[in-house]
>>> print(open('run.csv').read())   # CSV, C-alpha atoms and all ligand atoms
chain,number,residue,atom,x,y,z
J,1,MET,CA,32.6,5.2,28.3
J,2,VAL,CA,33.6,1.8,27.0
J,3,THR,CA,36.2,1.1,24.4
J,4,LEU,CA,35.7,-1.7,21.9
J,5,THR,CA,37.1,-2.8,18.6
J,6,ILE,CA,34.9,-3.0,15.5
J,7,ASP,CA,36.5,-4.3,12.4
J,8,GLY,CA,40.0,-3.5,13.8
J,9,ARG,CA,39.0,0.0,14.7
J,10,GLU,CA,39.0,1.2,18.2
J,11,VAL,CA,35.8,3.0,19.0
J,12,GLN,CA,34.1,4.5,22.1
J,13,ALA,CA,30.6,4.0,23.1
J,14,GLU,CA,28.4,4.8,26.0
J,15,GLU,CA,27.9,2.1,28.6
J,16,GLY,CA,24.6,0.2,27.9
J,17,ALA,CA,24.7,1.1,24.2
J,18,MET,CA,24.2,-1.8,21.8
J,19,VAL,CA,26.9,-2.8,19.4
J,20,LEU,CA,24.7,-1.8,16.4
J,21,ASP,CA,24.5,1.8,17.8
J,22,ALA,CA,28.2,1.9,18.4
J,23,ALA,CA,28.9,0.8,14.8
J,24,ARG,CA,26.4,3.3,13.3
J,25,ASP,CA,27.8,6.2,15.4
J,26,ASN,CA,31.2,5.4,13.7
J,27,ASN,CA,29.8,5.0,10.2
J,28,ILE,CA,30.3,1.3,10.2
J,29,TYR,CA,27.5,-0.3,8.2
J,30,ILE,CA,25.6,-3.3,9.6
J,31,PRO,CA,22.4,-4.1,7.8
J,32,ALA,CA,19.4,-4.1,10.1
J,33,LEU,CA,15.6,-4.2,9.6
J,34,CYS,CA,13.9,-4.5,12.9
J,35,SER,CA,15.6,-1.9,14.9
J,36,ASN,CA,14.4,1.6,15.5
J,37,GLU,CA,15.9,4.0,18.0
J,38,ALA,CA,12.5,4.9,19.5
J,39,ILE,CA,11.6,1.3,20.3
J,40,LYS,CA,13.3,-1.3,22.5
J,41,PRO,CA,15.4,-3.7,20.5
J,42,TYR,CA,13.8,-7.1,19.8
J,43,GLY,CA,16.1,-9.1,17.6
J,44,ALA,CA,13.6,-10.4,15.0
J,45,CYS,CA,15.2,-10.0,11.6
J,46,ARG,CA,18.7,-11.4,12.5
J,47,LEU,CA,20.2,-9.4,9.7
J,48,CYS,CA,22.3,-7.4,12.1
J,49,LEU,CA,24.3,-10.4,13.2
J,50,VAL,CA,28.1,-9.9,13.9
J,51,GLU,CA,30.8,-12.1,15.2
J,52,ILE,CA,32.2,-11.2,18.7
J,53,VAL,CA,35.2,-12.6,20.5
J,54,THR,CA,34.8,-13.1,24.3
J,55,ASN,CA,37.2,-15.1,26.4
J,56,GLY,CA,39.0,-16.1,23.2
J,57,LYS,CA,35.8,-17.7,21.8
J,58,GLU,CA,34.0,-16.5,18.7
J,59,ARG,CA,30.3,-16.5,18.3
J,60,LEU,CA,27.5,-14.8,16.4
J,61,VAL,CA,25.1,-12.4,18.1
J,62,ALA,CA,22.5,-9.9,17.0
J,63,SER,CA,24.3,-6.6,17.3
J,64,CYS,CA,21.0,-4.7,18.0
J,65,LEU,CA,20.6,-6.7,21.2
J,66,TYR,CA,24.2,-7.0,22.4
J,67,PRO,CA,25.5,-4.3,24.8
J,68,VAL,CA,29.0,-3.0,24.3
J,69,GLU,CA,31.7,-4.3,26.7
J,70,GLU,CA,35.1,-3.0,27.5
J,71,GLY,CA,37.7,-4.7,25.2
J,72,LEU,CA,35.0,-6.4,23.1
J,73,ILE,CA,36.2,-7.4,19.6
J,74,VAL,CA,33.5,-7.2,16.9
J,75,LYS,CA,33.7,-8.3,13.3
J,76,THR,CA,31.0,-7.2,11.0
J,77,ASN,CA,32.2,-8.8,7.8
J,78,SER,CA,34.1,-12.0,8.6
J,79,GLU,CA,33.4,-14.9,6.4
J,80,ARG,CA,31.1,-16.5,8.9
J,81,VAL,CA,29.1,-13.3,9.3
J,82,MET,CA,28.9,-12.9,5.5
J,83,ASN,CA,27.7,-16.5,5.0
J,84,ASN,CA,25.0,-16.3,7.6
J,85,ARG,CA,23.9,-12.9,6.5
J,86,ARG,CA,23.5,-14.1,3.0
J,87,THR,CA,21.3,-17.0,4.1
J,88,ILE,CA,19.1,-14.7,6.1
J,89,MET,CA,18.8,-12.3,3.2
J,90,GLU,CA,18.0,-15.2,0.9
J,91,LEU,CA,15.2,-16.3,3.3
J,92,LEU,CA,13.8,-12.7,3.5
J,93,LEU,CA,13.9,-12.5,-0.3
J,94,ALA,CA,12.1,-15.8,-0.7
J,95,ARG,CA,9.4,-14.7,1.8
J,96,CYS,CA,8.8,-11.3,0.4
J,97,PRO,CA,10.1,-11.2,-3.2
J,98,SER,CA,7.9,-8.3,-4.3
J,99,LEU,CA,8.8,-5.8,-1.6
J,100,GLU,CA,11.0,-3.1,-3.0
J,101,VAL,CA,12.9,-2.5,0.3
J,102,ILE,CA,13.8,-6.2,0.4
J,103,GLN,CA,14.9,-6.3,-3.2
J,104,ASP,CA,17.1,-3.2,-2.7
J,105,LEU,CA,18.7,-4.5,0.4
J,106,ALA,CA,19.3,-7.9,-1.3
J,107,LYS,CA,21.1,-6.0,-4.1
J,108,ARG,CA,23.1,-4.1,-1.6
J,109,LEU,CA,24.2,-7.3,0.0
J,110,ALA,CA,25.0,-8.9,-3.4
J,111,VAL,CA,22.2,-11.4,-3.1
J,112,ASP,CA,20.6,-11.7,-6.5
J,113,LYS,CA,18.7,-15.0,-6.1
J,114,THR,CA,17.4,-17.3,-3.5
J,115,PRO,CA,17.6,-21.0,-3.3
J,116,PHE,CA,14.5,-21.2,-1.1
J,117,LYS,CA,10.9,-21.7,-2.2
J,118,LEU,CA,9.2,-18.4,-3.2
J,119,GLU,CA,6.3,-17.1,-1.2
J,120,ASP,CA,4.5,-13.8,-1.6
J,121,LYS,CA,4.2,-12.4,1.8
J,122,ARG,CA,4.3,-8.7,2.4
J,123,CYS,CA,5.4,-8.7,6.0
J,124,ILE,CA,8.7,-9.8,7.6
J,125,LEU,CA,7.2,-10.3,11.1
J,126,CYS,CA,9.7,-7.8,12.6
J,127,GLY,CA,7.0,-6.7,15.0
J,128,LEU,CA,8.0,-3.0,14.8
J,129,CYS,CA,4.4,-1.9,14.1
J,130,VAL,CA,3.2,-3.9,17.0
J,131,ARG,CA,5.9,-2.6,19.3
J,132,ALA,CA,5.4,1.0,18.3
J,133,CYS,CA,1.6,0.6,18.9
J,134,GLU,CA,2.3,-0.7,22.4
J,135,GLU,CA,5.4,1.1,23.6
J,136,VAL,CA,5.1,4.5,21.9
J,137,VAL,CA,1.4,5.0,21.3
J,138,GLY,CA,0.2,2.9,24.2
J,139,VAL,CA,-3.0,1.5,22.6
J,140,SER,CA,-1.9,-2.0,21.4
J,141,ALA,CA,-4.4,-2.3,18.7
J,142,ILE,CA,-2.5,-4.9,16.7
J,143,SER,CA,-0.3,-7.9,17.6
J,144,LEU,CA,1.5,-10.9,16.1
J,145,VAL,CA,-1.0,-13.8,16.2
J,146,ASN,CA,-0.9,-17.6,15.6
J,147,ARG,CA,2.4,-19.4,15.7
J,148,GLY,CA,5.0,-21.1,13.4
J,149,ILE,CA,4.3,-20.7,9.7
J,150,ASP,CA,0.9,-19.2,10.4
J,151,ARG,CA,2.4,-16.3,12.4
J,152,GLU,CA,1.1,-13.0,11.1
J,153,MET,CA,0.5,-9.4,12.1
J,154,ALA,CA,-3.2,-8.8,12.7
J,155,SER,CA,-5.9,-7.1,14.7
J,156,PRO,CA,-8.0,-9.2,17.1
J,157,PHE,CA,-10.3,-11.4,15.0
J,158,TYR,CA,-9.0,-9.6,11.9
J,159,GLU,CA,-11.7,-7.0,12.5
J,160,PHE,CA,-11.5,-3.2,12.6
J,161,PRO,CA,-9.5,-2.7,15.8
J,162,ASP,CA,-11.6,-0.6,18.2
J,163,ALA,CA,-8.4,0.4,20.1
J,164,CYS,CA,-6.8,1.9,16.9
J,165,ILE,CA,-6.7,5.7,16.9
J,166,GLY,CA,-5.5,6.0,13.3
J,167,CYS,CA,-2.2,7.7,14.2
J,168,GLY,CA,-0.3,5.9,11.5
J,169,SER,CA,2.8,5.1,13.7
J,170,CYS,CA,2.7,1.5,12.4
J,171,ALA,CA,3.0,2.8,8.8
J,172,TYR,CA,5.8,5.1,9.8
J,173,VAL,CA,8.0,2.5,11.5
J,174,CYS,CA,7.4,-0.4,9.1
J,175,PRO,CA,10.9,-1.0,7.7
J,176,VAL,CA,9.5,-2.6,4.5
J,177,GLU,CA,6.9,0.1,3.9
J,178,THR,CA,4.1,-2.4,3.6
J,179,ILE,CA,1.5,-0.6,5.8
J,180,THR,CA,0.1,2.3,3.8
J,181,LEU,CA,-1.6,5.4,5.0
J,182,GLU,CA,-3.5,7.7,2.7
J,183,ASP,CA,-5.3,11.0,3.5
J,184,VAL,CA,-7.9,11.9,1.0
J,185,GLY,CA,-10.4,14.7,1.8
J,186,ASP,CA,-11.8,14.1,5.3
J,187,THR,CA,-10.8,10.4,5.4
J,188,ARG,CA,-7.6,8.6,6.4
J,189,THR,CA,-7.2,5.0,5.1
J,190,ILE,CA,-4.7,2.6,6.6
J,191,THR,CA,-4.0,-0.6,4.8
J,192,MET,CA,-2.3,-3.5,6.5
J,193,PRO,CA,-0.4,-6.2,4.7
J,194,ASN,CA,-2.6,-9.0,6.1
J,195,PRO,CA,-5.1,-9.9,3.3
J,196,LYS,CA,-7.6,-11.0,6.0
J,197,MET,CA,-7.9,-7.5,7.4
J,198,GLN,CA,-10.0,-4.8,5.8
J,199,LYS,CA,-8.8,-1.3,5.3
J,200,THR,CA,-9.4,0.9,8.3
J,201,GLU,CA,-10.9,4.3,7.8
J,202,PHE,CA,-10.8,7.3,10.0
J,203,LYS,CA,-12.5,10.6,9.9
J,204,LEU,CA,-10.1,13.6,9.9
J,205,LYS,CA,-10.7,16.8,11.8
J,206,LYS,CA,-11.0,20.1,10.0
J,207,CYS,CA,-9.1,23.1,11.2
J,208,LYS,CA,-11.4,26.0,12.1
J,209,ILE,CA,-9.1,28.6,10.5
J,210,CYS,CA,-7.5,27.2,7.4
J,211,GLY,CA,-10.1,24.5,6.7
J,212,ASN,CA,-7.5,21.8,6.2
J,213,TYR,CA,-8.1,18.2,7.4
J,214,TRP,CA,-5.2,17.6,9.6
J,215,ALA,CA,-5.5,14.6,12.0
J,216,PRO,CA,-7.8,11.8,12.8
J,217,GLU,CA,-10.6,12.8,15.2
J,218,LYS,CA,-10.1,9.6,17.2
J,219,GLN,CA,-6.4,10.3,17.7
J,220,LEU,CA,-7.1,13.8,18.9
J,221,ASP,CA,-9.8,12.5,21.3
J,222,TYR,CA,-7.2,10.0,22.6
J,223,ILE,CA,-4.7,12.7,23.2
J,224,THR,CA,-7.1,15.1,24.9
J,225,LYS,CA,-8.3,12.3,27.1
J,226,THR,CA,-4.9,10.8,28.1
J,227,LEU,CA,-3.4,14.3,28.8
J,228,SER,CA,-6.6,15.8,30.2
J,229,LEU,CA,-6.5,18.7,27.8
J,230,ALA,CA,-9.4,20.9,26.9
J,231,PRO,CA,-11.1,19.4,23.8
J,232,GLU,CA,-11.2,22.8,22.0
J,233,ILE,CA,-7.4,22.8,21.9
J,234,PHE,CA,-7.5,20.9,18.7
J,235,ASP,CA,-10.0,23.0,16.9
J,236,VAL,CA,-7.2,24.7,15.1
J,237,CYS,CA,-4.3,22.9,13.4
J,238,PRO,CA,-0.7,23.4,14.6
J,239,ASP,CA,0.0,25.6,11.6
J,240,CYS,CA,-2.7,28.0,12.5
J,241,ARG,CA,-2.0,28.0,16.2
J,242,GLU,CA,-0.1,31.0,17.6
E,1,MET,CA,-25.6,-19.6,26.2
E,2,GLY,CA,-26.7,-16.2,27.4
E,3,ALA,CA,-24.4,-13.2,27.3
E,4,LYS,CA,-25.0,-12.5,31.0
E,5,GLN,CA,-24.3,-16.0,32.0
E,6,LEU,CA,-21.1,-16.1,30.1
E,7,ALA,CA,-20.0,-12.8,31.6
E,8,GLU,CA,-20.7,-14.1,35.1
E,9,LYS,CA,-18.8,-17.3,34.5
E,10,VAL,CA,-15.8,-15.5,33.1
E,11,GLU,CA,-15.9,-13.0,36.0
E,12,SER,CA,-15.8,-15.8,38.5
E,13,ILE,CA,-12.9,-17.5,36.7
E,14,LEU,CA,-11.1,-14.2,36.7
E,15,ASP,CA,-11.7,-13.8,40.4
E,16,ASN,CA,-10.1,-17.2,41.1
E,17,TYR,CA,-6.9,-15.6,39.8
E,18,GLN,CA,-7.4,-12.2,41.6
E,19,ARG,CA,-7.8,-10.7,38.1
E,20,ASP,CA,-4.0,-10.9,37.7
E,21,GLN,CA,-2.8,-10.2,34.1
E,22,GLY,CA,0.1,-12.5,34.7
E,23,MET,CA,-2.3,-15.4,35.0
E,24,LEU,CA,-3.7,-15.0,31.5
E,25,VAL,CA,-2.8,-18.4,30.2
E,26,SER,CA,-4.4,-20.2,33.3
E,27,ILE,CA,-7.5,-18.0,32.9
E,28,LEU,CA,-7.8,-19.0,29.3
E,29,GLN,CA,-7.3,-22.6,30.1
E,30,ASP,CA,-10.2,-22.5,32.6
E,31,ILE,CA,-12.4,-20.8,30.0
E,32,GLN,CA,-11.4,-23.4,27.4
E,33,ALA,CA,-12.2,-26.2,29.9
E,34,GLU,CA,-15.6,-24.6,30.7
E,35,TYR,CA,-16.8,-24.1,27.1
E,36,ASN,CA,-14.6,-26.4,25.1
E,37,TYR,CA,-13.4,-23.4,23.2
E,38,LEU,CA,-12.7,-19.7,23.8
E,39,PRO,CA,-15.8,-17.7,22.8
E,40,LYS,CA,-15.1,-14.3,21.4
E,41,GLU,CA,-17.2,-12.6,24.0
E,42,ALA,CA,-15.2,-14.3,26.7
E,43,LEU,CA,-11.9,-12.9,25.3
E,44,VAL,CA,-13.4,-9.4,25.2
E,45,GLU,CA,-14.6,-9.8,28.8
E,46,VAL,CA,-11.1,-11.0,29.9
E,47,SER,CA,-9.5,-8.1,28.2
E,48,GLN,CA,-11.8,-5.5,29.7
E,49,THR,CA,-11.7,-6.9,33.2
E,50,LEU,CA,-8.0,-7.4,33.3
E,51,GLY,CA,-7.3,-4.1,31.6
E,52,ALA,CA,-5.1,-6.0,29.1
E,53,PRO,CA,-5.3,-5.0,25.4
E,54,LEU,CA,-7.5,-7.3,23.4
E,55,SER,CA,-4.7,-7.7,20.9
E,56,ARG,CA,-2.5,-9.3,23.6
E,57,VAL,CA,-5.3,-11.7,24.8
E,58,TYR,CA,-6.0,-12.6,21.1
E,59,SER,CA,-2.3,-13.2,20.5
E,60,VAL,CA,-2.0,-15.6,23.4
E,61,ALA,CA,-5.3,-17.3,22.5
E,62,THR,CA,-4.0,-18.0,19.0
E,63,PHE,CA,-0.5,-19.1,20.0
E,64,PHE,CA,-1.2,-22.2,22.0
E,65,LYS,CA,-2.6,-25.3,20.3
E,66,ALA,CA,-4.5,-26.2,23.5
E,67,PHE,CA,-6.8,-23.2,22.8
E,68,SER,CA,-9.4,-23.2,20.1
E,69,LEU,CA,-11.4,-20.2,18.9
E,70,GLU,CA,-14.0,-22.4,17.4
E,71,PRO,CA,-16.4,-24.6,19.3
E,72,ARG,CA,-14.9,-28.1,19.8
E,73,GLY,CA,-16.7,-31.4,19.9
E,74,ARG,CA,-17.8,-33.1,23.1
E,75,TYR,CA,-15.3,-35.9,22.3
E,76,LEU,CA,-11.8,-35.3,21.2
E,77,ILE,CA,-10.3,-38.0,18.9
E,78,ASN,CA,-6.6,-38.1,18.7
E,79,VAL,CA,-5.1,-40.4,16.1
E,80,CYS,CA,-1.5,-41.2,16.7
E,81,LEU,CA,0.7,-40.8,13.6
E,82,GLY,CA,4.0,-41.6,15.4
E,83,THR,CA,6.5,-43.8,13.5
E,84,ALA,CA,5.3,-47.1,15.1
E,85,CYS,CA,1.6,-46.4,14.5
E,86,HIS,CA,2.4,-45.0,11.1
E,87,VAL,CA,4.0,-48.2,9.8
E,88,ARG,CA,1.1,-50.2,11.2
E,89,GLY,CA,-1.4,-48.3,9.1
E,90,ALA,CA,-2.4,-45.3,11.2
E,91,VAL,CA,-3.0,-43.3,8.1
E,92,ARG,CA,-5.6,-45.7,6.9
E,93,ILE,CA,-7.3,-45.5,10.3
E,94,LEU,CA,-7.3,-41.8,10.1
E,95,GLU,CA,-8.7,-41.8,6.6
E,96,THR,CA,-11.5,-44.1,7.8
E,97,ILE,CA,-12.4,-41.8,10.6
E,98,GLU,CA,-12.3,-38.8,8.3
E,99,ARG,CA,-14.7,-40.5,6.0
E,100,GLU,CA,-16.9,-41.8,8.7
E,101,LEU,CA,-17.3,-38.3,10.3
E,102,ASP,CA,-16.8,-36.3,7.1
E,103,ILE,CA,-14.3,-34.0,8.7
E,104,ARG,CA,-10.5,-33.2,8.3
E,105,PRO,CA,-8.1,-33.3,11.1
E,106,GLY,CA,-8.3,-30.1,13.2
E,107,LYS,CA,-12.1,-29.9,12.5
E,108,THR,CA,-15.3,-30.6,14.4
E,109,THR,CA,-18.4,-32.4,13.3
E,110,GLN,CA,-21.4,-30.2,12.7
E,111,ASP,CA,-23.3,-31.7,15.6
E,112,LEU,CA,-20.4,-30.7,17.8
E,113,LYS,CA,-19.9,-34.3,18.8
E,114,PHE,CA,-16.4,-35.1,17.7
E,115,THR,CA,-13.2,-33.1,17.1
E,116,LEU,CA,-10.5,-34.9,15.2
E,117,GLU,CA,-6.8,-34.3,15.8
E,118,THR,CA,-3.6,-36.1,15.1
E,119,VAL,CA,-0.6,-36.5,17.4
E,120,ASN,CA,3.0,-37.6,16.8
E,121,CYS,CA,3.4,-40.4,19.2
E,122,VAL,CA,1.7,-40.9,22.5
E,123,GLY,CA,4.3,-43.2,24.0
E,124,CYS,CA,2.6,-46.5,23.9
E,125,CYS,CA,3.9,-47.7,20.6
E,126,ALA,CA,3.5,-51.4,21.5
E,127,LEU,CA,-0.3,-50.8,21.3
E,128,GLY,CA,-0.2,-49.2,17.8
E,129,PRO,CA,-2.0,-48.1,15.9
E,130,VAL,CA,-3.6,-46.1,18.7
E,131,VAL,CA,-6.6,-43.9,18.7
E,132,ILE,CA,-7.4,-41.9,21.8
E,133,ILE,CA,-10.9,-40.7,22.4
E,134,ASP,CA,-11.5,-38.5,25.3
E,135,GLY,CA,-8.5,-39.8,27.1
E,136,GLU,CA,-9.4,-43.5,26.5
E,137,TYR,CA,-6.8,-45.5,24.6
E,138,HIS,CA,-7.9,-47.9,21.9
E,139,GLY,CA,-4.9,-50.0,20.8
E,140,GLN,CA,-4.5,-52.3,17.8
E,141,MET,CA,-7.0,-50.4,15.9
E,142,LYS,CA,-8.3,-51.8,12.6
E,143,THR,CA,-10.2,-49.9,9.9
E,144,ASP,CA,-13.2,-52.2,10.3
E,145,LYS,CA,-13.4,-51.5,14.0
E,146,VAL,CA,-13.7,-47.7,13.6
E,147,LYS,CA,-17.4,-47.5,13.0
E,148,VAL,CA,-18.3,-49.6,16.0
E,149,LEU,CA,-15.9,-47.7,18.1
E,150,LEU,CA,-17.4,-44.3,17.2
E,151,GLU,CA,-20.9,-45.6,17.8
E,152,ASN,CA,-20.0,-46.2,21.4
E,153,TYR,CA,-19.8,-42.5,22.0
E,154,THR,CA,-23.2,-40.8,22.2
J,301,LIG,S1,3.8,-4.9,8.9
J,301,LIG,FE1,5.9,-4.0,8.7
J,301,LIG,S2,6.4,-3.3,10.8
J,301,LIG,FE2,4.7,-4.7,11.0
J,301,LIG,S3,5.6,-6.7,11.4
J,301,LIG,FE3,5.3,-6.6,9.2
J,301,LIG,S4,7.2,-5.8,8.3
J,301,LIG,FE4,7.2,-5.4,10.6
J,302,LIG,S1,18.1,-5.4,13.7
J,302,LIG,FE1,19.0,-6.8,15.0
J,302,LIG,S2,17.7,-8.6,14.7
J,302,LIG,FE2,16.8,-7.1,13.4
>>> encode(input="run.csv", output="structure tokens")
Amino acid sequence: MVTLTIDGREVQAEEGAMVLDAARDNNIYIPALCSNEAIKPYGACRLCLVEIVTNGKERLVASCLYPVEEGLIVKTNSERVMNNRRTIMELLLARCPSLEVIQDLAKRLAVDKTPFKLEDKRCILCGLCVRACEEVVGVSAISLVNRGIDREMASPFYEFPDACIGCGSCAYVCPVETITLEDVGDTRTITMPNPKMQKTEFKLKKCKICGNYWAPEKQLDYITKTLSLAPEIFDVCPDCRE
Amino acid sequence: MGAKQLAEKVESILDNYQRDQGMLVSILQDIQAEYNYLPKEALVEVSQTLGAPLSRVYSVATFFKAFSLEPRGRYLINVCLGTACHVRGAVRILETIERELDIRPGKTTQDLKFTLETVNCVGCCALGPVVIIDGEYHGQMKTDKVKVLLENYT
């Protein structure tokens, strides 16, 4: 265990844990958008920045990416942190003014307007969807493409991604809820925030017993193949399985 | 260009790099050099042969300005818009070329002859305004010399 000080409070954390986790475990609030415990930290949104003191010097770091150290002093709400955090929030608000999650977070951080030019993007480029698709699901159907101001989340050539199995993990992890997933009848529809991409549709499998449509056929095929299971195993849904 | 030929060419480029995923950028550079752009079929081939997700190949292919996903012209025109060239009228030179070829910067003429790009200083300011065509430097450019210059390239 490592002992560090966050906002004047001594807290303990496991070696290798990140400052953000240590703060959360102790109910100290640090805003953060691009972190998810199931996925490796990446440091895209910069909202989680905090001030640390090492060797008597103060500097700003992304708490989701900074591992705890013995004796580390962390400030989550110093003036410098607050000023920088406000600017980042203002930038996010200017980029995605119509996203509810962003509006709510801005309110929480007392940011009610932005001095920056308004855009109407629906994605903060945090890469969580891309990282979930690669690290957790293992299919890498989508990625962040282009560079600079043209950077965007997309499938190759903006086409229906062959590799996609329709699992919906991207929709689940997206912190601003901009990827949507809808199951109607025997069809699942996933909609991405990139206007150049079409909706992707997946056929759902019907349970032999209850008749409910319960998961995309393509996802079930992928699971049976990667785990070398018998294909019949998914003829019945988990609810009907003994 | 036949699909089979393209596949063979890409395979041989991949073999030069022992089909190593870590060499992706070099592989794409060689394909770009061969075709003057990155054909979609080539990217699919690269992804399949390397066992790298197409999304990653596409991400790298769209990241670097040296790569193009659209066919490029046989000759690349770079108009320098650096400060020195700028004050000596580079913008007017650029406009003249745009009008002459009927394309905007970043685009290629329909006959795939020229691709027009701009750069921000090529380091020979004394020659400005400078236009570089296919690596050849043309200094002290004047708007009324543009037409003749372009006609030299066939
Ligand atoms: S779609 Fe959502 S998860 Fe994906 S990069 Fe954009 S904001 Fe992040
Ligand atoms: S949560 Fe740390 S940079 Fe986004």
>>> interface_residues(input="run.csv", of="chain E", to="chain J", cutoff="7 Å", atoms="all atoms listed in the file", output="MDAnalysis selection string")
chainID E and resid 53:56 58:59 62:63
>>> residues_near_ligand(input="run.csv", ligand="ligand LIG 301 (chain J)", cutoff="9 Å", atoms="all atoms listed in the file", output="CSV table (one decimal) with C-alpha atoms, in the frame of the given file")
chain,number,residue,atom,x,y,z
J,33,LEU,CA,15.6,-4.2,9.6
J,34,CYS,CA,13.9,-4.5,12.9
J,122,ARG,CA,4.3,-8.7,2.4
J,123,CYS,CA,5.4,-8.7,6.0
J,124,ILE,CA,8.7,-9.8,7.6
J,125,LEU,CA,7.2,-10.3,11.1
J,126,CYS,CA,9.7,-7.8,12.6
J,127,GLY,CA,7.0,-6.7,15.0
J,128,LEU,CA,8.0,-3.0,14.8
J,129,CYS,CA,4.4,-1.9,14.1
J,130,VAL,CA,3.2,-3.9,17.0
J,131,ARG,CA,5.9,-2.6,19.3
J,132,ALA,CA,5.4,1.0,18.3
J,143,SER,CA,-0.3,-7.9,17.6
J,144,LEU,CA,1.5,-10.9,16.1
J,152,GLU,CA,1.1,-13.0,11.1
J,153,MET,CA,0.5,-9.4,12.1
J,154,ALA,CA,-3.2,-8.8,12.7
J,170,CYS,CA,2.7,1.5,12.4
J,171,ALA,CA,3.0,2.8,8.8
J,172,TYR,CA,5.8,5.1,9.8
J,173,VAL,CA,8.0,2.5,11.5
J,174,CYS,CA,7.4,-0.4,9.1
J,175,PRO,CA,10.9,-1.0,7.7
J,176,VAL,CA,9.5,-2.6,4.5
J,177,GLU,CA,6.9,0.1,3.9
J,178,THR,CA,4.1,-2.4,3.6
J,179,ILE,CA,1.5,-0.6,5.8
J,192,MET,CA,-2.3,-3.5,6.5
J,193,PRO,CA,-0.4,-6.2,4.7
J,194,ASN,CA,-2.6,-9.0,6.1
>>> closest_residue(input="run.csv", among="J:Glu37, J:Asp221, J:Glu10, J:Asp235", to="ligand LIG 302 (chain J)", atoms="all atoms listed in the file")
J:Glu37
>>> closest_residue(input="run.csv", among="E:Val57, E:Val131, E:Ala52, E:Leu38", to="Leu94 in chain E", atoms="only C-alpha atoms")
E:Val131
>>> residues_near_ligand(input="run.csv", ligand="ligand LIG 302 (chain J)", cutoff="9 Å", atoms="all atoms listed in the file", output="list in words")
Leu20, Ile30, Pro31, Ala32, Leu33, Cys34, Ser35, Asn36, Pro41, Tyr42, Gly43, Ala44, Cys45, Arg46, Leu47, Cys48, Leu49, Val61, Ala62, Ser63, Cys64, Leu65 and Cys126 of chain J
>>> atom_distance(input="run.csv", atom1="CA of Pro129 in chain E", atom2="CA of Arg72 in chain E")
24.1 Å
>>> closest_residue(input="run.csv", among="J:Ala13, J:Arg95, J:Gly211, J:Ile6", to="Ile73 in chain J", atoms="all atoms listed in the file")
J:Ile6
>>> residues_near_point(input="run.csv", point="(-1.9, -41.2, 17.9)", cutoff="8 Å", atoms="all atoms listed in the file", output="list in words")
Asn78, Val79, Cys80, Leu81, Gly82, Cys85, Ala90, Thr118, Val119, Asn120, Cys121, Val122, Pro129, Val130, Val131 and Ile132 of chain E
>>> closest_atom_pairs(input="run.csv", of="range 63-152 of chain E", to="range 23-31 of chain E", cutoff="12 Å", atoms="all atoms listed in the file", output="CSV")
residue,atom,partner,partner_atom,distance
E:Phe63,CA,E:Val25,CA,10.5
E:Phe64,CA,E:Val25,CA,9.2
E:Lys65,CA,E:Gln29,CA,11.2
E:Ala66,CA,E:Gln29,CA,8.0
E:Phe67,CA,E:Gln29,CA,7.3
E:Ser68,CA,E:Gln29,CA,10.2
E:Leu69,CA,E:Leu28,CA,11.1
>>> atom_distance(input="run.csv", atom1="CA of Leu229 in chain J", atom2="CA of Thr200 in chain J")
26.6 Å
>>> atom_distance(input="run.csv", atom1="CA of Lys208 in chain J", atom2="CA of Gly166 in chain J")
20.9 Å
>>> residues_around(input="run.csv", residues="Ala106 in chain J", least_positions_apart="6", cutoff="8 Å", atoms="only C-alpha atoms", output="PDB file with C-alpha atoms, in the frame of the given file")
ATOM      1  CA  MET J  89      18.800 -12.300   3.200  1.00  0.00           C
ATOM      2  CA  GLU J  90      18.000 -15.200   0.900  1.00  0.00           C
ATOM      3  CA  LEU J  93      13.900 -12.500  -0.300  1.00  0.00           C
ATOM      4  CA  ASP J 112      20.600 -11.700  -6.500  1.00  0.00           C
TER       5      ASP J 112
END
>>> closest_residue(input="run.csv", among="E:Asp111, E:Glu98, E:Asp144, E:Glu11", to="Val44 in chain E", atoms="all atoms listed in the file")
E:Glu11
>>> closest_residue(input="run.csv", among="J:Gly71, J:Thr191, J:Gly56, J:Lys117", to="Val2 in chain J", atoms="all atoms listed in the file")
J:Gly71
>>> residues_near_point(input="run.csv", point="(-10.1, 27.4, 13.1)", cutoff="9 Å", atoms="all atoms listed in the file", output="VMD selection string")
chain J and resid 206 to 211 234 to 237 240 to 241
>>> closest_residue(input="run.csv", among="J:Ile39, J:Leu99, J:Ala22, J:Ile233", to="Tyr66 in chain J", atoms="only C-alpha atoms")
J:Ala22
>>> build_atoms(input="run.csv", residues="range 111-115 of chain E", atoms="N, CA and C atoms", output="CSV table (one decimal), keeping the file's coordinate frame")
chain,number,residue,atom,x,y,z
E,111,ASP,N,-22.5,-31.6,14.4
E,111,ASP,CA,-23.3,-31.7,15.6
E,111,ASP,C,-22.5,-31.5,16.8
E,112,LEU,N,-21.3,-31.0,16.7
E,112,LEU,CA,-20.4,-30.7,17.8
E,112,LEU,C,-20.1,-32.0,18.7
E,113,LYS,N,-20.2,-33.1,18.0
E,113,LYS,CA,-19.9,-34.3,18.8
E,113,LYS,C,-18.5,-34.7,18.9
E,114,PHE,N,-17.8,-34.7,17.7
E,114,PHE,CA,-16.4,-35.1,17.7
E,114,PHE,C,-15.5,-34.0,17.1
E,115,THR,N,-14.3,-33.8,17.7
E,115,THR,CA,-13.2,-33.1,17.1
E,115,THR,C,-12.1,-34.0,16.8
